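Listing of target-v4.txt, compact mmCIF, C-alpha atoms
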# COMPACT_ATOMS: atom_id res chain seq x y z
CA MET A 96 20.81 -4.32 11.15
CA GLY A 97 20.37 -6.83 13.95
CA SER A 98 19.87 -4.03 16.50
CA ASP A 99 16.80 -2.73 14.67
CA ILE A 100 14.12 -4.79 16.40
CA PHE A 101 10.42 -4.30 15.79
CA GLU A 102 7.87 -5.62 18.27
CA HIS A 103 5.00 -7.55 16.71
CA VAL A 104 1.59 -7.62 18.39
CA GLY A 105 -0.64 -10.65 17.91
CA ILE A 106 -4.08 -10.17 16.36
CA ASP A 107 -7.03 -12.46 15.77
CA PRO A 108 -6.43 -14.35 12.51
CA ILE A 109 -7.89 -12.82 9.36
CA GLU A 110 -8.56 -15.28 6.56
CA ASP A 111 -6.45 -14.86 3.45
CA LEU A 112 -8.13 -14.20 0.10
CA LYS A 113 -7.93 -15.99 -3.22
CA VAL A 114 -6.84 -13.86 -6.16
CA SER A 115 -8.07 -13.97 -9.74
CA THR A 116 -7.37 -11.90 -12.85
CA GLY A 117 -10.09 -10.49 -15.10
CA LYS A 118 -10.08 -10.40 -18.89
CA ASP A 119 -8.84 -6.81 -18.74
CA GLY A 120 -5.90 -7.81 -16.56
CA SER A 121 -7.38 -6.31 -13.41
CA ARG A 122 -6.92 -8.10 -10.10
CA TYR A 123 -9.90 -9.43 -8.17
CA TYR A 124 -10.17 -11.00 -4.73
CA VAL A 125 -12.62 -13.64 -3.57
CA THR A 126 -13.80 -13.10 0.01
CA PRO A 127 -14.45 -15.89 2.55
CA SER A 128 -18.17 -15.57 1.74
CA GLY A 129 -17.49 -16.06 -1.97
CA LYS A 130 -17.94 -12.48 -3.14
CA LYS A 131 -15.63 -11.28 -5.91
CA TYR A 132 -14.35 -7.75 -5.45
CA PRO A 133 -11.96 -5.59 -7.50
CA SER A 134 -8.65 -4.67 -5.93
CA VAL A 135 -8.21 -1.35 -4.16
CA THR A 136 -5.52 -0.30 -6.63
CA THR A 137 -7.77 -1.15 -9.60
CA VAL A 138 -10.58 1.03 -8.28
CA THR A 139 -8.49 3.98 -7.09
CA GLY A 140 -6.43 3.93 -10.28
CA TRP A 141 -9.35 3.63 -12.68
CA GLU A 142 -9.46 7.32 -13.65
CA LYS A 143 -5.75 7.39 -14.55
CA ARG A 144 -5.60 3.94 -16.17
CA GLU A 145 -5.35 5.21 -19.75
CA PHE A 146 -2.61 7.67 -18.88
CA PHE A 147 -0.45 4.97 -17.31
CA LYS A 148 -1.29 2.49 -20.05
CA LYS A 149 0.05 4.93 -22.66
CA TRP A 150 3.11 5.69 -20.54
CA ARG A 151 3.94 1.99 -20.17
CA LYS A 152 3.54 1.46 -23.92
CA LYS A 153 5.78 4.42 -24.68
CA ASN A 154 8.37 3.48 -22.02
CA PRO A 155 8.34 -0.34 -21.82
CA LYS A 156 11.83 -0.82 -20.38
CA GLU A 157 11.49 1.95 -17.83
CA SER A 158 8.05 0.64 -16.86
CA VAL A 159 9.49 -2.81 -16.13
CA ARG A 160 12.42 -1.31 -14.23
CA VAL A 161 10.25 0.92 -12.05
CA LEU A 162 7.90 -1.96 -11.22
CA SER A 163 10.82 -4.26 -10.38
CA VAL A 164 12.51 -1.68 -8.14
CA GLY A 165 9.24 -0.97 -6.34
CA ASN A 166 8.52 -4.64 -5.69
CA ARG A 167 12.04 -5.30 -4.43
CA MET A 168 11.99 -2.24 -2.19
CA HIS A 169 8.69 -3.37 -0.68
CA LYS A 170 10.17 -6.81 0.04
CA VAL A 171 13.21 -5.32 1.76
CA VAL A 172 11.05 -3.08 3.95
CA GLU A 173 8.81 -6.02 4.83
CA ASP A 174 11.82 -8.19 5.75
CA PHE A 175 13.36 -5.37 7.78
CA ILE A 176 10.19 -4.86 9.83
CA ASN A 177 9.98 -8.64 10.28
CA ASN A 178 13.44 -8.42 11.89
CA LYS A 179 15.08 -10.48 9.17
CA LYS A 180 18.85 -10.22 9.27
CA ASP A 181 20.82 -9.43 6.11
CA CYS A 182 17.67 -8.37 4.25
CA LEU A 183 19.83 -6.35 1.85
CA SER A 184 22.23 -9.15 0.98
CA ASP A 185 20.79 -9.86 -2.49
CA CYS A 186 19.77 -6.30 -3.38
CA LYS A 187 21.10 -4.09 -6.13
CA PRO A 188 22.42 -0.60 -5.28
CA ASP A 189 19.25 1.20 -6.40
CA VAL A 190 17.10 -0.71 -3.91
CA VAL A 191 19.69 -0.38 -1.15
CA SER A 192 19.70 3.39 -1.62
CA LEU A 193 15.90 3.63 -1.53
CA PHE A 194 15.86 1.60 1.68
CA TYR A 195 18.45 3.72 3.45
CA TYR A 196 16.68 6.93 2.44
CA LEU A 197 13.52 5.56 4.08
CA LYS A 198 15.09 3.89 7.12
CA PRO A 199 14.85 6.89 9.52
CA LEU A 200 11.08 6.98 8.99
CA LEU A 201 10.75 3.21 9.37
CA LYS A 202 12.16 3.58 12.88
CA GLN A 203 9.02 5.50 13.83
CA ILE A 204 7.06 2.22 13.48
CA SER A 205 6.21 0.09 16.53
CA ASN A 206 3.71 -2.54 17.71
CA VAL A 207 3.32 -4.13 14.29
CA ARG A 208 -0.08 -5.82 13.86
CA ALA A 209 0.33 -7.11 10.31
CA GLN A 210 2.14 -6.76 7.00
CA GLU A 211 0.86 -7.54 3.51
CA ILE A 212 -2.45 -8.55 5.05
CA ALA A 213 -5.52 -9.23 2.91
CA LEU A 214 -8.50 -7.04 3.79
CA TRP A 215 -11.92 -6.54 2.26
CA SER A 216 -15.14 -4.62 2.76
CA ASP A 217 -18.69 -5.54 1.82
CA THR A 218 -19.56 -1.86 2.27
CA LEU A 219 -16.94 -0.61 -0.18
CA ARG A 220 -17.10 -3.72 -2.41
CA MET A 221 -13.31 -3.80 -2.64
CA ALA A 222 -10.43 -5.88 -1.36
CA GLY A 223 -6.65 -5.74 -1.31
CA ARG A 224 -3.45 -6.09 0.69
CA ALA A 225 -2.30 -3.41 3.14
CA ASP A 226 1.45 -2.88 3.35
CA CYS A 227 1.61 -2.45 7.12
CA ILE A 228 -0.69 -1.95 10.09
CA ALA A 229 1.21 -0.69 13.11
CA ASP A 230 1.72 2.24 15.42
CA TYR A 231 3.42 5.20 13.76
CA LYS A 232 4.70 7.77 16.23
CA GLY A 233 2.43 6.13 18.79
CA LYS A 234 -0.83 6.05 16.79
CA LEU A 235 -2.45 3.03 15.12
CA SER A 236 -1.94 3.55 11.41
CA ILE A 237 -2.33 2.16 7.94
CA ILE A 238 1.20 2.61 6.57
CA ASP A 239 1.84 2.52 2.84
CA PHE A 240 5.36 2.35 1.40
CA LYS A 241 5.99 3.86 -2.01
CA SER A 242 9.02 4.22 -4.24
CA SER A 243 9.32 6.86 -6.93
CA ARG A 244 11.74 8.23 -9.47
CA ARG A 245 11.40 11.71 -8.01
CA GLU A 246 9.67 13.68 -5.25
CA LYS A 247 5.88 13.68 -5.45
CA LYS A 248 3.55 16.65 -5.17
CA ARG A 249 0.79 16.05 -2.66
CA GLU A 250 -1.95 17.07 -5.08
CA TYR A 251 -0.92 14.28 -7.46
CA ILE A 252 -1.24 11.39 -5.00
CA ASP A 253 -4.94 11.39 -4.12
CA ASN A 254 -5.02 7.72 -5.05
CA TYR A 255 -2.43 6.92 -2.35
CA PHE A 256 -4.57 8.57 0.32
CA ALA A 257 -7.71 6.89 -1.03
CA GLN A 258 -6.02 3.46 -0.93
CA ALA A 259 -4.93 3.89 2.68
CA THR A 260 -8.38 5.20 3.62
CA ALA A 261 -9.99 2.14 2.06
CA TYR A 262 -7.75 -0.15 4.11
CA SER A 263 -8.58 1.77 7.29
CA ILE A 264 -12.30 1.23 6.64
CA MET A 265 -11.72 -2.47 5.88
CA TRP A 266 -9.67 -2.96 9.04
CA GLN A 267 -12.38 -1.41 11.21
CA GLU A 268 -15.12 -3.37 9.44
CA ILE A 269 -13.30 -6.66 10.07
CA THR A 270 -11.74 -6.06 13.52
CA LYS A 271 -14.12 -3.43 14.94
CA LYS A 272 -11.04 -1.36 15.85
CA PRO A 273 -10.62 2.14 14.36
CA ILE A 274 -7.49 3.37 12.63
CA ASP A 275 -6.17 6.67 14.00
CA GLN A 276 -4.27 7.82 10.93
CA ILE A 277 -3.01 6.95 7.48
CA VAL A 278 0.68 7.29 6.66
CA ILE A 279 2.27 7.44 3.20
CA LEU A 280 6.06 7.06 3.15
CA ILE A 281 7.79 7.70 -0.18
CA SER A 282 11.44 7.02 -1.01
CA SER A 283 12.62 8.48 -4.32
CA GLU A 284 15.57 7.80 -6.56
CA ASP A 285 16.45 11.51 -6.47
CA GLY A 286 17.31 11.10 -2.77
CA SER A 287 14.16 12.67 -1.34
CA ILE A 288 11.96 11.10 1.31
CA GLN A 289 8.42 12.18 2.04
CA GLU A 290 6.14 11.55 4.98
CA PHE A 291 2.42 12.24 4.63
CA VAL A 292 0.26 11.74 7.74
CA ASP A 293 -3.47 12.41 7.75
CA LYS A 294 -6.80 11.20 9.09
CA PRO A 295 -8.82 8.76 6.96
CA ILE A 296 -11.98 10.87 7.29
CA ASN A 297 -10.33 13.62 5.22
CA HIS A 298 -10.22 11.35 2.17
CA VAL A 299 -13.52 9.48 2.37
CA ARG A 300 -15.19 11.75 -0.19
CA THR A 301 -12.32 11.27 -2.66
CA LEU A 302 -12.51 7.52 -2.16
CA LYS A 303 -16.28 7.52 -2.71
CA ASN A 304 -15.88 9.47 -5.96
CA MET A 305 -13.32 6.93 -7.19
CA ILE A 306 -15.60 4.02 -6.27
CA ASP A 307 -18.57 5.65 -8.02
CA LEU A 308 -16.50 6.26 -11.15
CA TYR A 309 -15.35 2.64 -11.25
CA TRP A 310 -18.84 1.19 -10.83
CA ASP A 311 -20.29 3.62 -13.40
CA HIS A 312 -18.17 1.65 -15.90
CA HIS A 313 -18.91 -1.77 -14.39
CA ALA A 314 -22.64 -1.64 -13.64
Show this structure as structure tokens.
Amino acid sequence: MGSDIFEHVGIDPIEDLKVSTGKDGSRYYVTPSGKKYPSVTTVTGWEKREFFKKWRKKNPKESVRVLSVGNRMHKVVEDFINNKKDCLSDCKPDVVSLFYYLKPLLKQISNVRAQEIALWSDTLRMAGRADCIADYKGKLSIIDFKSSRREKKREYIDNYFAQATAYSIMWQEITKKPIDQIVILISSEDGSIQEFVDKPINHVRTLKNMIDLYWDHHA
């Protein structure tokens, strides 16, 4: 994989955020100004929290497995884009397969600004870590990498689009530079790969509804 070289573009440093965990297990971030904000995934997943809580309770082993595979796949993709050699050397076959399914789409990435970067917004009152900020097919993008057991239907992943839209707003709020598009790349254990590309503006209303729902329960 040594021939797969990604160019990284320097950006002005963005201060990292401290992380804390609430009594309910939710993740919170503390901004440089001392404000404590819920994570993007906590807010955008609030409506479906009970569904997933019941699923995890009913399927404890599978829940742990899926989480582990997803985390390891994310790390491999991050290492690959960071031009790390032998990034698959310690990986199990399931993660290797997910990576190779996704690899053709990863090659559409260029001019990497950041990976796993902490972002926040005083406007949205949220914070989190974006998977990747880079050009995708020549356009500055928030790129989110997902793993799944099977192919996803677009209508079931509104939270993915809302998450990426939130990060695009945060990036512009902090850097004053707009994001052209949001990109969701999904690699599934059934062998399917999916590429969703859209404009953040198309998901602002959905994101607002999710934020309103969260704060209705945390006023």
Original post:
What is the atom CA of A:Lys248 to atom CA of A:Lys143 distance in Å?
Top reply: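 One can read the atom CA of A:Lys248 to atom CA of A:Lys143 distance as 16.1 Å.
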**OP:** Would you mind telling me which residue in A:Glu145, A:Asp311, A:Phe240, A:Ala259 lies nearest to A:Lys198 when using all atoms listed in the file?
**Re:** A:Phe240
Could you build a table of the residues in stretch 186-247 of chain A lying no more than 12 Å from stretch 160-168 of chain A, giving for each the nearest pair of atoms and their separation in Å rounded to one decimal place, using all atoms listed in the file, ordered by chain and ascending residue number, as CSV?
residue,atom,partner,partner_atom,distance
A:Cys186,CA,A:Arg167,CA,7.9
A:Lys187,CA,A:Val164,CA,9.1
A:Pro188,CA,A:Val164,CA,10.4
A:Asp189,CA,A:Val164,CA,7.5
A:Val190,CA,A:Met168,CA,5.6
A:Val191,CA,A:Met168,CA,8.0
A:Ser192,CA,A:Met168,CA,9.6
A:Leu193,CA,A:Met168,CA,7.1
A:Phe194,CA,A:Met168,CA,6.7
A:Tyr195,CA,A:Met168,CA,10.4
A:Tyr196,CA,A:Met168,CA,11.3
A:Leu197,CA,A:Met168,CA,10.1
A:Lys198,CA,A:Met168,CA,11.6
A:Asp226,CA,A:Asn166,CA,11.6
A:Phe240,CA,A:Met168,CA,8.8
A:Lys241,CA,A:Gly165,CA,7.3
A:Ser242,CA,A:Gly165,CA,5.6
A:Ser243,CA,A:Gly165,CA,7.9
A:Arg244,CA,A:Val161,CA,7.9
A:Arg245,CA,A:Val161,CA,11.6
Subject >> Selection near A:Glu142, 9 Å with all atoms listed in the file, sequence-local residues under 4 positions removed, as a list in words >> reply: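 That gives Val138, Phe146, Met305, Leu308 and Tyr309 of chain A.
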Original post:
So how far away is atom CA of A:Ile238 from atom CA of A:Ile279, in Å?
Top reply: 6.0 Å
If we count only C-alpha atoms, what is near A:Lys232 at a cut-off of 9 Å, once residues fewer than 3 positions away on the same chain are taken out, given as an mmCIF file with C-alpha atoms, in the coordinates of the input?
data_model
loop_
_atom_site.group_PDB
_atom_site.id
_atom_site.type_symbol
_atom_site.label_atom_id
_atom_site.label_comp_id
_atom_site.auth_asym_id
_atom_site.auth_seq_id
_atom_site.Cartn_x
_atom_site.Cartn_y
_atom_site.Cartn_z
ATOM 1 C CA GLN A 203 9.020 5.500 13.830
ATOM 2 C CA ILE A 204 7.060 2.220 13.480
ATOM 3 C CA SER A 205 6.210 0.090 16.530
ATOM 4 C CA LEU A 235 -2.450 3.030 15.120
#
Subject >> Proximity to A:Asp174 - best of A:Ile100, A:Tyr251, A:Lys118, A:Ala229, all atoms listed in the file >> reply: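 Using all atoms listed in the file, the shortest distance to A:Asp174 belongs to A:Ile100.
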What would stretch 101-120 of chain A look like with N, CA and C atoms restored, written as a compact mmCIF listing (two decimals), keeping the file's coordinate frame?
# COMPACT_ATOMS: atom_id res chain seq x y z
N PHE A 101 11.81 -4.74 15.75
CA PHE A 101 10.42 -4.30 15.79
C PHE A 101 9.59 -5.29 16.60
N GLU A 102 8.76 -4.76 17.49
CA GLU A 102 7.87 -5.62 18.27
C GLU A 102 6.61 -5.89 17.46
N HIS A 103 6.21 -7.15 17.43
CA HIS A 103 5.00 -7.55 16.71
C HIS A 103 3.92 -7.94 17.71
N VAL A 104 2.73 -7.40 17.49
CA VAL A 104 1.59 -7.62 18.39
C VAL A 104 0.64 -8.62 17.73
N GLY A 105 0.27 -9.64 18.45
CA GLY A 105 -0.64 -10.65 17.91
C GLY A 105 -2.04 -10.09 17.70
N ILE A 106 -2.69 -10.56 16.63
CA ILE A 106 -4.08 -10.17 16.36
C ILE A 106 -4.88 -11.44 16.07
N ASP A 107 -6.20 -11.32 16.15
CA ASP A 107 -7.03 -12.46 15.77
C ASP A 107 -6.82 -12.74 14.29
N PRO A 108 -6.70 -14.01 13.91
CA PRO A 108 -6.43 -14.35 12.51
C PRO A 108 -7.49 -13.79 11.56
N ILE A 109 -7.02 -13.28 10.42
CA ILE A 109 -7.89 -12.82 9.36
C ILE A 109 -7.65 -13.72 8.15
N GLU A 110 -8.70 -14.30 7.64
CA GLU A 110 -8.56 -15.28 6.56
C GLU A 110 -7.97 -14.64 5.30
N ASP A 111 -7.05 -15.36 4.68
CA ASP A 111 -6.45 -14.86 3.45
C ASP A 111 -7.47 -14.96 2.31
N LEU A 112 -7.20 -14.24 1.23
CA LEU A 112 -8.13 -14.20 0.10
C LEU A 112 -7.52 -14.83 -1.14
N LYS A 113 -8.36 -15.48 -1.92
CA LYS A 113 -7.93 -15.99 -3.22
C LYS A 113 -7.91 -14.84 -4.22
N VAL A 114 -7.00 -14.92 -5.17
CA VAL A 114 -6.84 -13.86 -6.16
C VAL A 114 -7.15 -14.40 -7.55
N SER A 115 -7.83 -13.61 -8.35
CA SER A 115 -8.07 -13.97 -9.74
C SER A 115 -7.82 -12.75 -10.62
N THR A 116 -7.64 -12.99 -11.92
CA THR A 116 -7.37 -11.90 -12.85
C THR A 116 -8.47 -11.85 -13.90
N GLY A 117 -9.01 -10.66 -14.12
CA GLY A 117 -10.09 -10.49 -15.10
C GLY A 117 -9.56 -10.45 -16.52
N LYS A 118 -10.46 -10.44 -17.47
CA LYS A 118 -10.08 -10.40 -18.89
C LYS A 118 -9.30 -9.14 -19.24
N ASP A 119 -9.54 -8.07 -18.48
CA ASP A 119 -8.84 -6.81 -18.74
C ASP A 119 -7.52 -6.72 -18.01
N GLY A 120 -7.15 -7.79 -17.30
CA GLY A 120 -5.90 -7.81 -16.56
C GLY A 120 -6.00 -7.29 -15.15
